Structure formats: C-alpha cells, structure tokens
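Below you'll find the structure, written out as structure tokens, and then a few comments.
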Amino acid sequence: MKGGIIMPAMLRKIAQRLGMLQHSFTGGIHPDMHKVTAEMPIEDCAIGSLLVLPMKQHIGDICVPLVAVGDRVLRGQKIARSEGYLSVPVHASTSGHVVKIEEHAIAHPSGMGLPSIFIEPDGLDERDESLIPILDWENREATELRERARTCGLAGLGGAVFPTFIKLVQDKRFPVETVILNGIECEPWLTNDHRLMLEHAAEVLEGMGIIKHMVGAESGIIAIEDNKPDAAAAIQQALDDRDDMDGVSVVVLPTRYPQGSEKQLIYTLTGLEVPAGKLPMHIGVLCQNVATSKALYDAVVLGQPLTERIVTVSGDALAKPANLRVRLGTLMRSLFARQELEDFTDIQIIHGGPMMGERMKQPDVPVVKASTGLLAMSAEAMGAAHTVEQACIRCGHCSEACPISLVPNLLADQCRSEQFEKAEQYDLFDCIECGACSYVCPSNIPLVHYFRYGKGQVALQRREQVFAEASRKRSEAHENRLLREKEEKAARRSRVRKTHAPKTDEAKADETKPEKKAAAEPAAVEESK
Amino acid sequence: MPLIMLSSPHAHGGDSVRVIMLTVILALLPAAGVSVYLFGWMAFLLIVTCIVAALLTEAVCLKWMGRPVATVLDNSAALTGLFLALTLPAATPWWMAVLGSVLAIVLGKQVYGGLGYNIFNPALSARVILLISFPLQMTTFIMPMSALEPAINLYDFSICATLFFIGPEALNLGFDAISMASPLGHIKTEWTVGVPVAEALAAYQYSYLDAFLGLESGSIGETSALALLIGGIFLLARHSITWHIPITYIVTVLVLAGLFNALNPDQYASPMFHLFAGGLILCAFFMATDPVSSPVTPMGQIIFGLGCGILTWSIRTWGGYPEGAMFAVVLMNCAVPLIDHYFRPRVYGHSARRES
C-alpha cells in the first residue's frame, strides 16, 4: 500500500474508541487517482441520431412501455411505467419519434440485452411541461414530494441506481436524524460528482433541503474528500449564502478508497455501524449521492424528470477526456467518437470506475442512469491489472485493505474449493466487492471474482432449495389430499353401510373393535363394490 | 494480451511476490554482511552454497511437478537458502548445508504443494531436522573474527575452503580447538553444575555490547542484533511485515525473563541477555513473520507472537536444548490454521460474539 499507513490500525482503533481521534473506517487503499478531468468544466454533449432507452435503468423490476412505434414523444414524457414497488418509470430524454421497441444490449458485462425503446430525435428537444414545478416544497407533504421523486424516475446516481423514493420515507419506528450527501467520489478517474458539486452547488444544497424536509431530519452532512477542495469550497459558499440550512455542514475527509461506500462513509461520519442485514435508516441515517440530490431538485423545483446525467469520459487510451452532460440513451460509441476515439482495437471499455466498474464487450451500449463514467483503457493498463494468478503467500495485505474486516484470502480459498457454507460463516455476504483486496494482492488473485462466484453459487443453491422445498410440500399436500379423500369416502361409505347394509359378522366385529375398523374398511369397500 | 478474466477491479497496486521476497532478502543483507565480516569466508561459502542448493532443488522440484521452472525466479527459494545459511554455525560442512537446503525446499515446501501451501517455515523446519540429526555440529560454534591463530584464519580463503569442503581433520584440528559454546549453551551447562548465571557469564567474559554488535559466538546470521534490527526496521518501514508478531514475540520473552529473573537471578538470566542471545531477533523479525506460515489477521499475529515468546523462553530455560526460538516458531506454525479460524477480526456490522 503506497503512502498508506500512518498509524498502526490497532492504535487508531483504540484512539477512536477513547474519543481521541475521529472515526474512520478500517482498511482501505490509496490507488492512483488519475483525476485528469478535474479541471474540465461540464460540456453539453449533442443529442445523437438515435437514443436507446432500456426498460430497466434501476435496481428492481422492469418497466412496461407506454408508447408504440411511430408515436411522437417529448422530452421528459413518461414512455414506460414502473411495474411493482421496486421500480421507477423511464422517460424520453428528448423529443422525437419512437422507431423501434426491441431488445438492445445494455451496460452489463455479459453483453446481455433488455427490451428498449428506440427514439429518433427530431432536433426540437421539446419538453413535456405537464409536471408543475413545486417551488414551496417546505409547505408540501412528504408523500407528495415522494410521489414526485418516483414519477420523475429518480434512482441513485452514484452508480447503484436504487429507486430514490423508497429511501425518502418517514418511518416513525426509525426516524432519520442525519442526511448524508455523498460527494466522496473515491473511484479513480471519475470526476462527474466533483464537477457537479462545483458547478451546481446551490442545486445540490437545495436538494439536501428537500431531502431533510421529506424525512424530517435535523442535521445534514455533505461529505467530500480532500482531493476536491474546490468542490468543498463551492458547497461551503452555497451553504453560507443560505440561511435556512441550519444543521447542515460540509465535512472534508482524507482521501481513501472506498470512502464513498455507504457503510464506510456512515461509520466515518457518525461512528455508527449499519448492522448486518439492516439498512442505514435503522440507525437513523439516510445516504444519497450528490447527483441524486441535484436530480431531486430538478424534479421538484423545476418539474423535470431524470433525462440526463453527467458522465466522465476518460481513461488512459483516450486522448481527449471530458466531463459531459449526456442524455440517457446516448450510445457510448458516439460519446467516444465525440472525444476522438473511434478505433476500439486493443481498447477495453469500462462502465463506471476502474475499481467497481464493469467491462463492456462493445461500445454500442446506451448511457443509463448508472453511468458515472466511461473509461477507455489500453490493453497494457488492463493487462497489468489482470495478470496470471499466482499462489497465495498469505501476506495478509488483503485483510488489511478490507474495509469490513473480512479475511479475503481464506474466503477465496473456501469459494474456490466450493465450501460455501464455511464461506457464509466467514461472512461472504458482507463483502461489498470494493476490490481493495484484489488491488493489493501481490499474487494477483482475483479475490472479488471468487466472492462473486461464491455468492452466485449460494444464491443458486438457495433457489434450488426453495424450489425443492416447494415441490416437496406440493407432493406432500397432494398425498395428504388423496389420503384424506380416501378416508372421507370410506367414512361416508361406512356410515351408509351402518344405516342400510345387512349386518355381516365382519361388520359386527368391526363395531365391537373400533380400533380395527380403519384397517378393515378398505376390505369392506371392496366388498361393497 | 494476458487477459485471463475481466471482473472488477480493473486496477492493481503493482505489488508482486517477487518484490516482496526481494525486500526480505534486502533486509537480510546487513545481517549477511556482518556474518561475512565476523566469520569470513566460512560465512560466504555457507551462504552461497545454501542459496545455490536451494535454487537448484527448487528448479528440479518444479520440473518434476510439471510447473513452470521460471517460478524459481520468484526469489522465494533464494530467500529460503539465505535464511537457512544464516541459522547455521560457521563450521557447518558443505554437505550438511546442501542437505539442509534440499530438506528445506523438498520437505519444507514442495511436498505441501509449493509456495504458499507449506505449514512450516521451510528454512526453520530444515534447521530443526539438522539440529536433531547432527546435534554436535549444529551446536558447535566458531569464535567470531578468529584471525589470530594461523590454523583457522577465517579470512584466508584456502583454509576456509578446506575446512568447509573437507573438514577440520584436513587441518589436523578437532572441533574443540576452534569452537566454543554459545552464551545460551554456556549458562545452561553451568547451571546444571550449580554455577549461577552471573558467575557463568563473568567466566565467559560476556558483554551486552558485544552481544548487541554480534561479537559473541552463535549461528552466522543471528549474532548481530544491530544488523538484524536494521533489517527489521527496514521491513516495517516498507510495510513488508507489521509490528504485531515481532513486537509481541520479543516483549513476551522480555516480560517472562524479567519476571523470573526478579524471582531468582541465579537461575534465570536477565531480559537483556535473552534479547541479544541466540536467534530471538532473527526469528522475531524474519522467521516468525514469514507470511506463508504465520497468521493473517492482526489479532492472530499477536497470539502467534505471544505463543512464540512463551515457547522460546520456556525451551531456553527448561528445555533440553539451549536455544528454543526456532522450535518455538515451528511449533507455533502448527497452530496457525486454528489461530486463523478463531481470531478473525470482527466484521463490520456484526456483533463481537461469533457463532462458530
């Protein structure tokens, strides 16, 4: 770990417990940040000749198209409705005509596709003005604002794209005390949140106000790493310019990966841990990305659904990196073309940051709500990160780097040898897949890959178990039903016989020995036939 | 393009096994240098022989096992050879050094499946086998810097080569003529005939400064506490090792020695004596911290260091052998899987209690 450890971890923990030192999450790494686009203002990216809007750009259930081929749509018009609770609708990101509704490759490492609506822009970029701006949000009910967040298609713009409205809830059992706006942006290369905070500080802050109002929180923290002092200064300035932001503060944290991870950030800021299997709201905290806050402002105050986002286009194979304001649905290829990259031989595309992002199989994939960055990496850079795996020498660097104190090398052994039960005991499912362990591993073991494999296998086993359990129950119920029916039938018959049938010796014996009755009944049934 | 698989992260810190092993070799250079200064050509021949033998054995093993022979360049075999050499007495004959290296690589490492899978520290396990098999040679130490007597001038290559490759008989010398006991062995022997520690050390002309600098007799690499500490601090600064094992190990020995020394100074040597004597510092900073055979987690490492300390002092004080450091480390190596299982750190969001 270059430039790492200043103080032994154990001393730091003791000092934190004694209150002598501010809390900070354990482990972590200091990768080269490559924030080459930090000084570059956000540029508007021209709308391409085709926009492809996948029917699912969030975590949750897939949407159902509301438009048909040939329909004219406006920017911000809802073109697909959400189905199920864990879902938000999709909006047209410019005006134009629906030319196709069919499957198209999405930003997924497997290259898989999803039903998508293809829009041919008409160049007018006409807005759907049906949503009325809510300027006096302070006086509105939280439920109304929450519905607005849902209608506008808001999902966490930090990359996880969890439907925002679900988190913006007042629950009397778990009152939210602190709202955290995450402006950490600890992934290397990415500067989209950095520029957003710098150029839209007031909107981000007002979004914070709306969130606080919605969940009834007392205090708010905007957390920024110290490699973005200008962003922190801009937010602080915006904060000083307002007088209705009591209890909101800007906290600048020393740069360390993965500080932007929700659980790690919450611990660093509050000293509280989100218990395993629980949510931040269970400890009175709500965490949102700064870009989501800005999107909430747009949705509420401007009445604009989520149709664009800021994307950092960068990477060591890109001569002309930039921060772009991109309409959702724009194909990645056209973004790279704008930045003068057209030949993709020996170039790997990463969707997101290098630590947690996904490698794309090809550039003909639309930008979605999760697209924080697009990186064009050279073969050498990727090759250096993915070299041949060697034997583990148990150096323990992975344990030191793990922000949740797992023992990655042991876990990887268990996943590799398919000892999944043991891996679960070793808290496999607490892994946040930040990649810090793989980053420091001197043997180049793809630890995170093993954990994903393990999680996938366990999930598969569980599904199979559930299925097996269900079919066992079904078959049991079936047998029980047959048995019951038989008994009922027999009981009916015996009743009938008791009243009408001539009394045979056998029947007499049955009456005198009731315990033998059940066994004798089938024979009696046969006889009566 | 060497893309084996492409799951995130797509960035790497650049650490490699080669560099980690090389760092340890660099950290041992002061001790190796001092050993050559103190024991002349004997130390040089011993170190070179062990390293070459270890590398050759490793290459042969890899070839037999059908693994890429280029793996031999990962510096781990060279390190094992160097480690072994530094734990041997200067008068070790060549064949014993070669045997030790072969044992270290074959029995210490490759039979378990190669680098990363061995239970014991390879060099130490070989050293223990040698000690048990050849107790006389392994506890016969040459006086450091003996350039005075012409027959055993350690700085004369031909004499040293003769001694190393043919043996003391060729020089018409018995081992007794050129050897002396280590301070640890000396006080142990003396106490068996009732001589208190202080008197025994006075008769030995023992001085703490000499012990610190390395002028007392002992295995070639373990005599100079100073050189080893320089290497140890280098490793700590480079973050190749953490403080947990060496510090707990040494502190445990010091505390035990101090406690018993206070109770009965005649029988039990002082903490300072224990610190500079034998292979404690070498084992604490270099052997016990061998990543493969030590626990992974900080808490586990502390337990490991504690166990090493207790065993080292106990064997030195009550055991049959004068030096216990290497036995202690090898014994604690056996406990590593258990330690790893029971002393895992508390995972974020989980209570301290553990159900397994």
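Chains: A, B, ... in order of the structure tokens. Residues: from 1 per chain. Ligands: from 1, in order shown.
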Every residue of segment 195-337 of chain A that DSSP places in alpha helix (DSSP H), as number ranges by chain: A: 195-199, 201-215, 229-241, 262-270, 290-301, 332-337
Segment 50-63 of chain B environment, 10 Å, only C-alpha atoms, sequence neighbours closer than 5 positions dropped, as a PyMOL selection string: chain B and resi 45+68-73+75-86+94-106+109-111+114+123
Write out the residues from the selection above, keeping N, CA and C atoms, as a JSON list (two decimals), in the first residue's frame.
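As a result, result-v9.json now contains:
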[["chain", "number", "residue", "atom", "x", "y", "z"],
["B", 45, "LEU", "N", 30.98, -18.82, 2.03],
["B", 45, "LEU", "CA", 30.79, -20.13, 1.38],
["B", 45, "LEU", "C", 29.46, -20.75, 1.77],
["B", 68, "PRO", "N", 5.89, -24.42, -14.26],
["B", 68, "PRO", "CA", 6.87, -23.59, -14.98],
["B", 68, "PRO", "C", 8.13, -23.37, -14.13],
["B", 69, "VAL", "N", 9.28, -23.76, -14.71],
["B", 69, "VAL", "CA", 10.54, -23.68, -13.96],
["B", 69, "VAL", "C", 10.91, -22.21, -13.69],
["B", 70, "ALA", "N", 10.39, -21.30, -14.51],
["B", 70, "ALA", "CA", 10.71, -19.90, -14.32],
["B", 70, "ALA", "C", 10.23, -19.39, -12.95],
["B", 71, "THR", "N", 9.32, -20.13, -12.33],
["B", 71, "THR", "CA", 8.83, -19.73, -11.00],
["B", 71, "THR", "C", 9.98, -19.64, -10.00],
["B", 72, "VAL", "N", 11.07, -20.33, -10.31],
["B", 72, "VAL", "CA", 12.23, -20.32, -9.41],
["B", 72, "VAL", "C", 12.75, -18.89, -9.21],
["B", 73, "LEU", "N", 12.42, -18.03, -10.16],
["B", 73, "LEU", "CA", 12.90, -16.66, -10.07],
["B", 73, "LEU", "C", 12.04, -15.78, -9.17],
["B", 75, "ASN", "N", 12.18, -15.53, -6.23],
["B", 75, "ASN", "CA", 13.02, -15.16, -5.09],
["B", 75, "ASN", "C", 12.72, -15.92, -3.81],
["B", 76, "SER", "N", 11.67, -16.74, -3.80],
["B", 76, "SER", "CA", 11.33, -17.39, -2.54],
["B", 76, "SER", "C", 12.35, -18.48, -2.19],
["B", 77, "ALA", "N", 12.83, -19.20, -3.19],
["B", 77, "ALA", "CA", 13.81, -20.26, -2.91],
["B", 77, "ALA", "C", 15.13, -19.64, -2.47],
["B", 78, "ALA", "N", 15.53, -18.56, -3.14],
["B", 78, "ALA", "CA", 16.77, -17.89, -2.76],
["B", 78, "ALA", "C", 16.68, -17.43, -1.31],
["B", 79, "LEU", "N", 15.51, -16.90, -0.96],
["B", 79, "LEU", "CA", 15.31, -16.42, 0.40],
["B", 79, "LEU", "C", 15.41, -17.56, 1.40],
["B", 80, "THR", "N", 14.80, -18.70, 1.05],
["B", 80, "THR", "CA", 14.88, -19.86, 1.95],
["B", 80, "THR", "C", 16.34, -20.27, 2.15],
["B", 81, "GLY", "N", 17.12, -20.29, 1.05],
["B", 81, "GLY", "CA", 18.53, -20.64, 1.15],
["B", 81, "GLY", "C", 19.28, -19.69, 2.06],
["B", 82, "LEU", "N", 19.02, -18.40, 1.86],
["B", 82, "LEU", "CA", 19.70, -17.39, 2.68],
["B", 82, "LEU", "C", 19.31, -17.53, 4.15],
["B", 83, "PHE", "N", 18.03, -17.72, 4.39],
["B", 83, "PHE", "CA", 17.54, -17.92, 5.76],
["B", 83, "PHE", "C", 18.27, -19.07, 6.42],
["B", 84, "LEU", "N", 18.32, -20.20, 5.71],
["B", 84, "LEU", "CA", 18.93, -21.40, 6.29],
["B", 84, "LEU", "C", 20.38, -21.14, 6.63],
["B", 85, "ALA", "N", 21.10, -20.53, 5.67],
["B", 85, "ALA", "CA", 22.53, -20.27, 5.88],
["B", 85, "ALA", "C", 22.73, -19.45, 7.15],
["B", 86, "LEU", "N", 21.88, -18.44, 7.33],
["B", 86, "LEU", "CA", 22.08, -17.55, 8.47],
["B", 86, "LEU", "C", 21.80, -18.22, 9.80],
["B", 94, "TRP", "N", 30.00, -28.53, 4.03],
["B", 94, "TRP", "CA", 29.21, -28.23, 2.82],
["B", 94, "TRP", "C", 28.04, -29.16, 2.61],
["B", 95, "TRP", "N", 28.29, -30.46, 2.88],
["B", 95, "TRP", "CA", 27.23, -31.42, 2.58],
["B", 95, "TRP", "C", 26.03, -31.24, 3.51],
["B", 96, "MET", "N", 26.32, -30.77, 4.70],
["B", 96, "MET", "CA", 25.22, -30.54, 5.64],
["B", 96, "MET", "C", 24.39, -29.33, 5.18],
["B", 97, "ALA", "N", 25.11, -28.32, 4.66],
["B", 97, "ALA", "CA", 24.42, -27.14, 4.15],
["B", 97, "ALA", "C", 23.54, -27.51, 2.96],
["B", 98, "VAL", "N", 24.09, -28.34, 2.08],
["B", 98, "VAL", "CA", 23.32, -28.76, 0.90],
["B", 98, "VAL", "C", 22.13, -29.61, 1.34],
["B", 99, "LEU", "N", 22.39, -30.53, 2.25],
["B", 99, "LEU", "CA", 21.30, -31.38, 2.75],
["B", 99, "LEU", "C", 20.19, -30.52, 3.35],
["B", 100, "GLY", "N", 20.62, -29.54, 4.13],
["B", 100, "GLY", "CA", 19.65, -28.64, 4.76],
["B", 100, "GLY", "C", 18.81, -27.92, 3.71],
["B", 101, "SER", "N", 19.45, -27.42, 2.66],
["B", 101, "SER", "CA", 18.72, -26.70, 1.62],
["B", 101, "SER", "C", 17.73, -27.61, 0.91],
["B", 102, "VAL", "N", 18.20, -28.83, 0.62],
["B", 102, "VAL", "CA", 17.30, -29.77, -0.07],
["B", 102, "VAL", "C", 16.10, -30.08, 0.83],
["B", 103, "LEU", "N", 16.38, -30.31, 2.11],
["B", 103, "LEU", "CA", 15.27, -30.60, 3.04],
["B", 103, "LEU", "C", 14.31, -29.42, 3.11],
["B", 104, "ALA", "N", 14.90, -28.21, 3.15],
["B", 104, "ALA", "CA", 14.05, -27.01, 3.26],
["B", 104, "ALA", "C", 13.10, -26.92, 2.08],
["B", 105, "ILE", "N", 13.64, -27.13, 0.89],
["B", 105, "ILE", "CA", 12.79, -26.97, -0.30],
["B", 105, "ILE", "C", 11.84, -28.15, -0.47],
["B", 106, "VAL", "N", 12.37, -29.37, -0.30],
["B", 106, "VAL", "CA", 11.54, -30.54, -0.57],
["B", 106, "VAL", "C", 10.56, -30.80, 0.57],
["B", 109, "LYS", "N", 8.68, -27.33, 1.82],
["B", 109, "LYS", "CA", 7.82, -26.53, 0.97],
["B", 109, "LYS", "C", 7.11, -27.32, -0.13],
["B", 110, "GLN", "N", 7.90, -28.02, -0.98],
["B", 110, "GLN", "CA", 7.27, -28.59, -2.17],
["B", 110, "GLN", "C", 6.33, -29.75, -1.88],
["B", 111, "VAL", "N", 6.61, -30.53, -0.81],
["B", 111, "VAL", "CA", 5.70, -31.65, -0.55],
["B", 111, "VAL", "C", 4.30, -31.16, -0.20],
["B", 114, "GLY", "N", 4.11, -26.55, -2.81],
["B", 114, "GLY", "CA", 4.83, -25.38, -3.28],
["B", 114, "GLY", "C", 4.55, -24.13, -2.50],
["B", 123, "ALA", "N", 12.86, -22.95, 5.89],
["B", 123, "ALA", "CA", 14.23, -22.88, 6.39],
["B", 123, "ALA", "C", 14.31, -23.39, 7.82]]
Residues of chain B within 10 Å of chain A, counting only C-alpha atoms, as a PyMOL selection string: chain B and resi 1-20+71+113-118+237-244+289-299+340-341+344-351+354-356
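For the pair atom CA of Thr87 of chain B and atom CA of Lys188 of chain B, the separation is 20.1 Å.
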Strand (DSSP E) call set, DSSP backbone run, segment 101-256 of chain B, as a VMD selection string: chain B and resid 141 to 142 179 to 180
Nearby residues (only C-alpha atoms) at most 12 Å from Leu280 of chain B, same-chain spacing under 5 positions excluded, as a VMD selection string: chain B and resid 87 184 218 to 219 221 to 225 228 to 229 246 to 247 249 to 254 271 to 275 285 to 288 305 308 to 313 316 323 to 329
Limited to C-alpha atoms, could you put the picked residues into a file as a PDB file, in the first residue's frame?
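selection.pdb, written as the output of this step:
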ATOM      1  CA  THR B  87      20.825 -20.030  11.049  1.00  0.00           C
ATOM      2  CA  LEU B 184      22.933 -19.651  25.976  1.00  0.00           C
ATOM      3  CA  GLY B 218      26.472 -18.308  17.512  1.00  0.00           C
ATOM      4  CA  SER B 219      24.988 -19.121  14.120  1.00  0.00           C
ATOM      5  CA  GLY B 221      23.370 -14.651  10.942  1.00  0.00           C
ATOM      6  CA  GLU B 222      21.966 -14.428  14.422  1.00  0.00           C
ATOM      7  CA  THR B 223      24.832 -12.932  16.358  1.00  0.00           C
ATOM      8  CA  SER B 224      24.448  -9.268  15.481  1.00  0.00           C
ATOM      9  CA  ALA B 225      21.298  -7.808  16.957  1.00  0.00           C
ATOM     10  CA  LEU B 228      19.059  -7.669  12.302  1.00  0.00           C
ATOM     11  CA  LEU B 229      17.295  -4.686  13.805  1.00  0.00           C
ATOM     12  CA  PRO B 246       7.982  -9.265  16.234  1.00  0.00           C
ATOM     13  CA  ILE B 247       6.975  -6.878  18.988  1.00  0.00           C
ATOM     14  CA  TYR B 249       7.219 -12.045  20.463  1.00  0.00           C
ATOM     15  CA  ILE B 250      10.113 -10.041  21.877  1.00  0.00           C
ATOM     16  CA  VAL B 251       8.072  -8.351  24.585  1.00  0.00           C
ATOM     17  CA  THR B 252       6.737 -11.720  25.756  1.00  0.00           C
ATOM     18  CA  VAL B 253      10.261 -13.087  26.116  1.00  0.00           C
ATOM     19  CA  LEU B 254      11.393  -9.927  27.907  1.00  0.00           C
ATOM     20  CA  PRO B 271      15.804  -9.998  29.852  1.00  0.00           C
ATOM     21  CA  MET B 272      18.653  -8.170  28.099  1.00  0.00           C
ATOM     22  CA  PHE B 273      20.619 -11.376  27.908  1.00  0.00           C
ATOM     23  CA  HIS B 274      17.680 -13.195  26.363  1.00  0.00           C
ATOM     24  CA  LEU B 275      17.079 -10.385  23.903  1.00  0.00           C
ATOM     25  CA  PHE B 285      11.628 -10.219  12.655  1.00  0.00           C
ATOM     26  CA  PHE B 286      12.288 -12.673   9.845  1.00  0.00           C
ATOM     27  CA  MET B 287      11.247 -16.234  10.647  1.00  0.00           C
ATOM     28  CA  ALA B 288       8.046 -15.803  12.614  1.00  0.00           C
ATOM     29  CA  GLY B 305       3.856 -13.806  18.757  1.00  0.00           C
ATOM     30  CA  CYS B 308       6.381 -17.957  20.165  1.00  0.00           C
ATOM     31  CA  GLY B 309       7.626 -15.866  23.083  1.00  0.00           C
ATOM     32  CA  ILE B 310       6.378 -18.221  25.772  1.00  0.00           C
ATOM     33  CA  LEU B 311       7.764 -21.283  23.975  1.00  0.00           C
ATOM     34  CA  THR B 312      11.112 -19.667  23.221  1.00  0.00           C
ATOM     35  CA  TRP B 313      11.739 -18.649  26.791  1.00  0.00           C
ATOM     36  CA  ARG B 316      15.658 -21.928  26.672  1.00  0.00           C
ATOM     37  CA  GLU B 323      18.116 -22.362  22.078  1.00  0.00           C
ATOM     38  CA  GLY B 324      14.351 -22.523  21.632  1.00  0.00           C
ATOM     39  CA  ALA B 325      13.499 -19.782  19.161  1.00  0.00           C
ATOM     40  CA  MET B 326      13.293 -21.957  16.074  1.00  0.00           C
ATOM     41  CA  PHE B 327      11.444 -24.754  17.858  1.00  0.00           C
ATOM     42  CA  ALA B 328       9.016 -22.166  19.141  1.00  0.00           C
ATOM     43  CA  VAL B 329       8.304 -20.767  15.690  1.00  0.00           C
TER      44      VAL B 329
END
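Here atom CA of Glu421 of chain A and atom CA of Cys334 of chain B stand 24.6 Å from one another.
Residues with any atom within 10 Å of Arg242 of chain A, counting only C-alpha atoms and excluding same-chain neighbours fewer than 4 positions away, are A:Ala202, A:Leu205, A:Glu206, A:Gln237, A:Ala238, A:Asp246.
Ranking A:Val204, A:Ala92, A:Ile445, A:Ala160 by their shortest atom-to-atom distance to Thr372 of chain A, with only C-alpha atoms included, puts A:Ala160 first.
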Test item: residues at most 9 Å from segment 34-41 of chain B, only C-alpha atoms, excluding those fewer than 2 positions along its chain, as a ChimeraX atom specification: /B:29-32,43-46,86,90,142-146,153-157,159-161,214-215,219-224,227
Residues within 10 Å of segment 163-169 of chain A, only C-alpha atoms, excluding chain neighbours under 4 positions, as JSON, numbers by chain: {"A": [57, 58, 59, 60, 85, 86, 87, 88, 89, 142, 143, 145, 146, 147, 148, 149, 150, 151, 152, 153, 154, 155, 156, 157, 174, 175, 176, 210, 211, 212, 213, 214, 215, 216, 279, 280, 281, 286, 287, 288, 292, 293, 296]}
